[in-house]
Protein chains: 2
Amino acid sequence: MTRAQTPKPQPEAPRRRGLMLILSSPSGAGKSTLTRALKEDNRQDLLLSISVTTREKRPSEVNNVHYTFISEADFGVMRDRGELIEWAEVHGNFYGTPLKPIEAALAAGQDVLFDIDYQGTRQIVQRMRADTVTVFILPPSMAELKNRLDRRAEDSDAVIAKRLTNARTEIARWVDYDYVLINDNLDRTYDELRSILAAERLKRERQTGLGAFVDALLAEG
Amino acid sequence: MTRAQTPKPQPEAPRRRGLMLILSSPSGAGKSTLTRALKEDNRQDLLLSISVTTREKRPSEVNNVHYTFISEADFGVMRDRGELIEWAEVHGNFYGTPLKPIEAALAAGQDVLFDIDYQGTRQIVQRMRADTVTVFILPPSMAELKNRLDRRAEDSDAVIAKRLTNARTEIARWVDYDYVLINDNLDRTYDELRSILAAERLKRERQTGLGAFVDALLAEG
């Protein structure tokens, strides 16, 4: 007599809370390339945070893609209501990150990717420490950083000099970050970044459905 | 006029402090297979912790490989001097993990792999929290756990029943661990484990040579 085989139970992965992956680095250290690659490999479950700004839209920019363009009055209202998890004023324009879409993404188990500087990072970490994973990307050397800025050939010498000065200020904040990568090889650095994302998704505290999973496990048989 | 090209600086990876990777799971959840694979892929920089024990050596066992076999008097001395980071008594025999070789490995930037239960894990975490990374491996179901124990065909039914009872106690301690993996696919679980190890090695606090690296970076040019 043969018995029908019990199908092997294939539990779905337990529900999890999303995380905020924050990348910072001086201009030219490879952050934009890494951000783009990570986004392409995680179309479904990694969102790029879109900032609001009061500055004027450039012709090449698309509203709600590059930024959400809003009035200074609206910005003030959002800021004063605590609806921005970080904001800054740069050359008289305001920039900020709205909390609501991020909170919705995290609750739905989606991760949110941030490409921001150390000042924005600090504000977000202060407000939502448990949800943040912060990664700082260092260049292998200042000479290499300058090479990369030169090779881009999109900035004047004066702008490059300014970027290098800013880079020193930014680099000095590596001490604030959870992880530090030295980008002397883009493929390896990308692998490291993927490992960090994969590992952080497996943290017990983020796997909000694990309690129910284990309860069901122990209730078996 | 041609100029010699400046060789691209290739900094060595900064010095880092090793970590203790602790794996716990009920018997049959795949921990031994995962431990073996991880060790084979990391021959140089991942050591398996070797316990001391007062129980008699079995013919198949090799001293200083499976265990370091010591007398009960010596065990008592080590324990009372605080030279064991965890210890337990099981069926009248004592088992423990000596601190000294582990501390030497961590200082040399080598990681140490532990395959221990939740009670040993708790003792180590209490003593060396910053150096520990704890991972709990869950079976996809109790039925699958029993299947795996049956398939091993090395234990009697009574022993298997006992293992399943113990498994329930062990599983209930998943809440104590940093990471939790559900092993419903050995390859995927192994990838997850490798990601955790790779990511944890990149934590800023473990990269003890980063300060000197950044100092050199900022002193350039």
# chains A, B, ... in the order shown; residues from 1 in each chain; ligands from 1
$ residues_around --residues "range 190-204 of chain B" --least-positions-apart "3" --cutoff "7 Å" --atoms "only C-alpha atoms" --output "ChimeraX atom specification"
/A:177-181,192,195-196,198-199 /B:34,186-187,207
$ select_by_dssp --residues "chain A" --states "strand (DSSP E)" --output "tab-separated table (two decimals) with N, CA, C and O atoms, in the first residue's frame"
chain	number	residue	atom	x	y	z
A	20	MET	N	16.19	51.38	6.71
A	20	MET	CA	16.72	52.52	5.96
A	20	MET	C	18.22	52.33	5.77
A	20	MET	O	18.96	52.32	6.75
A	21	LEU	N	18.62	52.15	4.53
A	21	LEU	CA	20.04	51.98	4.23
A	21	LEU	C	20.59	53.33	3.79
A	21	LEU	O	20.20	53.86	2.75
A	22	ILE	N	21.46	53.87	4.60
A	22	ILE	CA	21.98	55.22	4.36
A	22	ILE	C	23.43	55.13	3.90
A	22	ILE	O	24.28	54.57	4.60
A	23	LEU	N	23.68	55.65	2.70
A	23	LEU	CA	25.05	55.68	2.18
A	23	LEU	C	25.56	57.10	2.18
A	23	LEU	O	24.90	57.99	1.65
A	24	SER	N	26.74	57.29	2.73
A	24	SER	CA	27.39	58.59	2.65
A	24	SER	C	28.82	58.39	2.16
A	24	SER	O	29.43	57.36	2.42
A	46	LEU	N	13.42	47.74	-2.64
A	46	LEU	CA	14.30	48.83	-2.21
A	46	LEU	C	13.85	50.11	-2.91
A	46	LEU	O	13.89	50.21	-4.13
A	47	LEU	N	13.39	51.07	-2.12
A	47	LEU	CA	12.93	52.33	-2.69
A	47	LEU	C	14.00	53.39	-2.52
A	47	LEU	O	14.74	53.37	-1.54
A	48	LEU	N	14.07	54.28	-3.48
A	48	LEU	CA	14.96	55.42	-3.33
A	48	LEU	C	14.15	56.54	-2.66
A	48	LEU	O	13.07	56.88	-3.12
A	52	VAL	N	11.94	66.43	-0.69
A	52	VAL	CA	11.24	67.64	-1.11
A	52	VAL	C	12.25	68.77	-1.15
A	52	VAL	O	13.24	68.77	-0.40
A	53	THR	N	12.03	69.74	-2.03
A	53	THR	CA	12.92	70.91	-2.06
A	53	THR	C	12.16	72.14	-2.49
A	53	THR	O	11.15	72.05	-3.21
A	68	THR	N	10.57	66.21	-5.08
A	68	THR	CA	9.23	66.76	-5.09
A	68	THR	C	9.40	68.25	-4.82
A	68	THR	O	9.94	68.64	-3.78
A	69	PHE	N	8.98	69.06	-5.80
A	69	PHE	CA	9.21	70.50	-5.71
A	69	PHE	C	8.02	71.15	-5.01
A	69	PHE	O	6.88	70.99	-5.45
A	84	LEU	N	9.23	65.97	8.53
A	84	LEU	CA	10.50	65.72	7.82
A	84	LEU	C	11.46	65.03	8.78
A	84	LEU	O	11.70	65.53	9.88
A	85	ILE	N	12.02	63.90	8.37
A	85	ILE	CA	12.96	63.25	9.30
A	85	ILE	C	14.34	63.89	9.23
A	85	ILE	O	15.15	63.68	10.12
A	86	GLU	N	14.60	64.64	8.19
A	86	GLU	CA	15.83	65.43	8.16
A	86	GLU	C	15.59	66.56	7.18
A	86	GLU	O	14.81	66.44	6.25
A	87	TRP	N	16.26	67.68	7.43
A	87	TRP	CA	16.17	68.80	6.49
A	87	TRP	C	17.41	69.66	6.61
A	87	TRP	O	18.15	69.59	7.61
A	88	ALA	N	17.67	70.43	5.57
A	88	ALA	CA	18.82	71.33	5.58
A	88	ALA	C	18.55	72.50	4.66
A	88	ALA	O	17.72	72.41	3.75
A	89	GLU	N	19.26	73.59	4.92
A	89	GLU	CA	19.22	74.74	4.02
A	89	GLU	C	20.56	74.81	3.31
A	89	GLU	O	21.62	74.77	3.95
A	90	VAL	N	20.53	74.88	2.00
A	90	VAL	CA	21.77	74.96	1.22
A	90	VAL	C	21.63	76.11	0.22
A	90	VAL	O	20.73	76.08	-0.63
A	93	ASN	N	18.20	77.52	-0.32
A	93	ASN	CA	17.10	76.60	-0.64
A	93	ASN	C	16.97	75.54	0.45
A	93	ASN	O	17.95	75.17	1.08
A	94	PHE	N	15.75	75.05	0.61
A	94	PHE	CA	15.51	74.04	1.64
A	94	PHE	C	15.32	72.66	1.00
A	94	PHE	O	14.73	72.54	-0.09
A	95	TYR	N	15.85	71.68	1.68
A	95	TYR	CA	15.73	70.29	1.24
A	95	TYR	C	15.30	69.46	2.45
A	95	TYR	O	15.76	69.72	3.56
A	96	GLY	N	14.47	68.46	2.23
A	96	GLY	CA	14.07	67.63	3.36
A	96	GLY	C	13.54	66.28	2.92
A	96	GLY	O	13.25	66.06	1.74
A	97	THR	N	13.44	65.37	3.87
A	97	THR	CA	12.94	64.02	3.58
A	97	THR	C	11.65	63.79	4.35
A	97	THR	O	11.66	63.79	5.58
A	98	PRO	N	10.54	63.60	3.64
A	98	PRO	CA	9.26	63.38	4.32
A	98	PRO	C	9.20	62.01	4.98
A	98	PRO	O	9.63	61.01	4.40
A	111	ASP	N	12.59	48.26	1.96
A	111	ASP	CA	13.72	49.05	2.44
A	111	ASP	C	13.79	50.36	1.68
A	111	ASP	O	13.32	50.46	0.55
A	112	VAL	N	14.40	51.34	2.29
A	112	VAL	CA	14.53	52.65	1.66
A	112	VAL	C	16.00	53.04	1.63
A	112	VAL	O	16.70	52.94	2.64
A	113	LEU	N	16.45	53.43	0.45
A	113	LEU	CA	17.86	53.76	0.25
A	113	LEU	C	18.05	55.27	0.28
A	113	LEU	O	17.32	56.00	-0.39
A	114	PHE	N	19.03	55.73	1.05
A	114	PHE	CA	19.33	57.16	1.14
A	114	PHE	C	20.75	57.41	0.67
A	114	PHE	O	21.67	56.71	1.06
A	115	ASP	N	20.87	58.48	-0.10
A	115	ASP	CA	22.19	58.92	-0.55
A	115	ASP	C	22.34	60.33	0.00
A	115	ASP	O	21.97	61.29	-0.66
A	132	THR	N	17.69	52.21	11.10
A	132	THR	CA	18.74	52.69	10.20
A	132	THR	C	19.96	51.76	10.15
A	132	THR	O	20.32	51.12	11.14
A	133	VAL	N	20.55	51.70	8.98
A	133	VAL	CA	21.83	51.02	8.76
A	133	VAL	C	22.68	52.02	8.00
A	133	VAL	O	22.32	52.41	6.88
A	134	THR	N	23.78	52.46	8.59
A	134	THR	CA	24.55	53.53	7.97
A	134	THR	C	25.89	53.01	7.47
A	134	THR	O	26.59	52.27	8.16
A	135	VAL	N	26.21	53.39	6.24
A	135	VAL	CA	27.42	52.90	5.58
A	135	VAL	C	28.21	54.08	5.04
A	135	VAL	O	27.66	54.91	4.31
A	136	PHE	N	29.47	54.14	5.38
A	136	PHE	CA	30.33	55.20	4.86
A	136	PHE	C	31.31	54.60	3.86
A	136	PHE	O	31.91	53.56	4.13
A	137	ILE	N	31.43	55.26	2.71
A	137	ILE	CA	32.34	54.75	1.67
A	137	ILE	C	33.54	55.68	1.54
A	137	ILE	O	33.38	56.87	1.25
A	138	LEU	N	34.71	55.13	1.79
A	138	LEU	CA	35.95	55.90	1.71
A	138	LEU	C	36.63	55.66	0.37
A	138	LEU	O	36.59	54.54	-0.15
A	179	TYR	N	28.99	50.90	9.38
A	179	TYR	CA	29.91	50.15	8.51
A	179	TYR	C	30.77	51.13	7.72
A	179	TYR	O	30.30	52.21	7.36
A	180	VAL	N	32.01	50.73	7.46
A	180	VAL	CA	32.88	51.56	6.64
A	180	VAL	C	33.50	50.68	5.56
A	180	VAL	O	34.08	49.63	5.85
A	181	LEU	N	33.36	51.11	4.31
A	181	LEU	CA	33.94	50.38	3.17
A	181	LEU	C	35.00	51.25	2.50
A	181	LEU	O	34.82	52.47	2.39
A	182	ILE	N	36.07	50.63	2.07
A	182	ILE	CA	37.08	51.34	1.29
A	182	ILE	C	36.92	50.92	-0.16
A	182	ILE	O	37.14	49.76	-0.51
$ select_by_dssp --residues "range 109-138 of chain A" --states "helix (DSSP H, G or I)" --output "list in words"
Tyr118, Gln119, Gly120, Thr121, Arg122, Gln123, Ile124, Val125, Gln126, Arg127, Met128, Arg129, Ala130 and Asp131 of chain A
$ atom_distance --atom1 "CA of Glu220 in chain B" --atom2 "CA of Ile116 in chain A"
25.2 Å
$ closest_residue --among "A:Arg16, A:Lys100, A:Arg79, A:Arg58" --to "chain B" --atoms "only C-alpha atoms"
A:Arg16
$ residues_around --residues "Ala172 in chain B" --least-positions-apart "5" --cutoff "10 Å" --atoms "only C-alpha atoms" --output "list in words"
Gly211, Val214, Asp215 and Leu218 of chain A; Tyr118 and Ala167 of chain B
